[in-house]
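Enquirer: Once you've had a glance at the structure underneath, I'll fire off some questions.
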Amino acid sequence: MMACKEGEDVYKSTFMVSLLLLGLASGPSHSYDAYGAGSASCRVWVKEQAAEDKNPLYWLLHGWVAGYVSGAGYGDTQLTKTDAMRDYVTLYCQRQPSKRVSDVAESLVKELAKDK
């Protein structure tokens, strides 16, 4: 009975590792839903950025981008400084106002990956 239990454990472990490797090999699908401020359009970002009085939405958008970049594992480069991230997102959004804030954050992470 003990040998059967050990065999099952080895099988389960091998199966789980195979699934993990298959998932890593397939890479990210880049097809996901953005929730919260990340789903806002670039038009909203540009409008909030241009406003003289920064309301809570402005800070929410900035926090969402910073959280996305932090979650991707980037935090100690020149492009992750608050002003640099803001400038990157603002320029991107001015050029492509129909994009979502999450699209810009993804683009920023790709730029950061080039520097690694």
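Lettering and numbering for the structure tokens are positional, with chains as A, B, ... in the shown order, residues counted from 1 in each chain, and ligands counted from 1 in the shown order.
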I'd like the contact shell of range 105-114 of chain A - 7 Å cut-off, only C-alpha atoms, skipping same-chain residues fewer than 3 positions apart - returned as a PyMOL selection string.
Expert: chain A and resi 65+68-69+101-102
Enquirer: Go ahead and save the picked residues with C-alpha atoms, as a PDB file, in the first residue's frame.
Expert:
ATOM      1  CA  VAL A  65       0.094  52.635 -12.719  1.00  0.00           C
ATOM      2  CA  TYR A  68       1.056  47.737 -11.896  1.00  0.00           C
ATOM      3  CA  VAL A  69       4.743  48.526 -12.387  1.00  0.00           C
ATOM      4  CA  VAL A 101      -4.304  53.265 -18.823  1.00  0.00           C
ATOM      5  CA  SER A 102      -3.570  49.538 -18.444  1.00  0.00           C
TER       6      SER A 102
END
Enquirer: Name the residues in contact with range 48-55 of chain A at a cut-off of 12 Å, using only C-alpha atoms, excluding same-chain residues fewer than 4 positions from it; report them as a PDB file with N, CA and C atoms, in the first residue's frame.
Expert:
ATOM      1  N   ALA A  40      -9.608  52.915 -17.259  1.00  0.00           N
ATOM      2  CA  ALA A  40      -9.894  54.270 -17.753  1.00  0.00           C
ATOM      3  C   ALA A  40      -9.158  54.517 -19.067  1.00  0.00           C
ATOM      4  N   SER A  41      -9.719  55.374 -19.885  1.00  0.00           N
ATOM      5  CA  SER A  41      -9.070  55.688 -21.159  1.00  0.00           C
ATOM      6  C   SER A  41      -7.950  56.700 -20.949  1.00  0.00           C
ATOM      7  N   CYS A  42      -7.085  56.771 -21.920  1.00  0.00           N
ATOM      8  CA  CYS A  42      -6.010  57.759 -21.884  1.00  0.00           C
ATOM      9  C   CYS A  42      -6.568  59.183 -21.899  1.00  0.00           C
ATOM     10  N   ARG A  43      -7.733  59.363 -22.505  1.00  0.00           N
ATOM     11  CA  ARG A  43      -8.360  60.698 -22.497  1.00  0.00           C
ATOM     12  C   ARG A  43      -8.566  61.176 -21.062  1.00  0.00           C
ATOM     13  N   VAL A  44      -9.003  60.247 -20.201  1.00  0.00           N
ATOM     14  CA  VAL A  44      -9.227  60.582 -18.791  1.00  0.00           C
ATOM     15  C   VAL A  44      -7.898  60.958 -18.141  1.00  0.00           C
ATOM     16  N   TRP A  59      -5.017  60.944  -8.447  1.00  0.00           N
ATOM     17  CA  TRP A  59      -4.163  60.133  -7.582  1.00  0.00           C
ATOM     18  C   TRP A  59      -4.457  58.646  -7.732  1.00  0.00           C
ATOM     19  N   LEU A  60      -5.696  58.311  -7.981  1.00  0.00           N
ATOM     20  CA  LEU A  60      -6.072  56.920  -8.190  1.00  0.00           C
ATOM     21  C   LEU A  60      -5.410  56.372  -9.455  1.00  0.00           C
ATOM     22  N   LEU A  61      -5.428  57.148 -10.528  1.00  0.00           N
ATOM     23  CA  LEU A  61      -4.793  56.726 -11.779  1.00  0.00           C
ATOM     24  C   LEU A  61      -3.286  56.537 -11.592  1.00  0.00           C
ATOM     25  N   HIS A  62      -2.649  57.499 -10.946  1.00  0.00           N
ATOM     26  CA  HIS A  62      -1.210  57.398 -10.697  1.00  0.00           C
ATOM     27  C   HIS A  62      -0.878  56.187  -9.827  1.00  0.00           C
ATOM     28  N   ASP A  83       7.897  61.034 -11.318  1.00  0.00           N
ATOM     29  CA  ASP A  83       7.789  62.001 -12.414  1.00  0.00           C
ATOM     30  C   ASP A  83       8.020  61.349 -13.768  1.00  0.00           C
ATOM     31  N   ARG A  86       4.949  59.316 -14.715  1.00  0.00           N
ATOM     32  CA  ARG A  86       3.871  60.232 -15.084  1.00  0.00           C
ATOM     33  C   ARG A  86       4.111  60.792 -16.481  1.00  0.00           C
ATOM     34  N   ASP A  87       5.334  61.208 -16.758  1.00  0.00           N
ATOM     35  CA  ASP A  87       5.650  61.779 -18.063  1.00  0.00           C
ATOM     36  C   ASP A  87       5.504  60.750 -19.180  1.00  0.00           C
ATOM     37  N   VAL A  89       3.542  58.053 -19.206  1.00  0.00           N
ATOM     38  CA  VAL A  89       2.115  57.770 -19.413  1.00  0.00           C
ATOM     39  C   VAL A  89       1.431  58.947 -20.096  1.00  0.00           C
ATOM     40  N   THR A  90       1.751  60.162 -19.692  1.00  0.00           N
ATOM     41  CA  THR A  90       1.122  61.346 -20.289  1.00  0.00           C
ATOM     42  C   THR A  90       1.454  61.443 -21.769  1.00  0.00           C
ATOM     43  N   LEU A  91       2.706  61.274 -22.128  1.00  0.00           N
ATOM     44  CA  LEU A  91       3.104  61.349 -23.533  1.00  0.00           C
ATOM     45  C   LEU A  91       2.432  60.257 -24.353  1.00  0.00           C
ATOM     46  N   CYS A  93      -0.365  58.694 -23.677  1.00  0.00           N
ATOM     47  CA  CYS A  93      -1.801  58.963 -23.738  1.00  0.00           C
ATOM     48  C   CYS A  93      -2.139  60.126 -24.667  1.00  0.00           C
ATOM     49  N   GLN A  94      -1.271  61.116 -24.732  1.00  0.00           N
ATOM     50  CA  GLN A  94      -1.512  62.219 -25.663  1.00  0.00           C
ATOM     51  C   GLN A  94      -1.461  61.730 -27.101  1.00  0.00           C
TER      52      GLN A  94
END
Enquirer: Would you return as a ChimeraX atom specification the members of range 50-109 of chain A that DSSP assigns to helix (DSSP H, G or I) on this structure's backbone?
Expert: /A:50,56-71,78-80,82-95,101-109
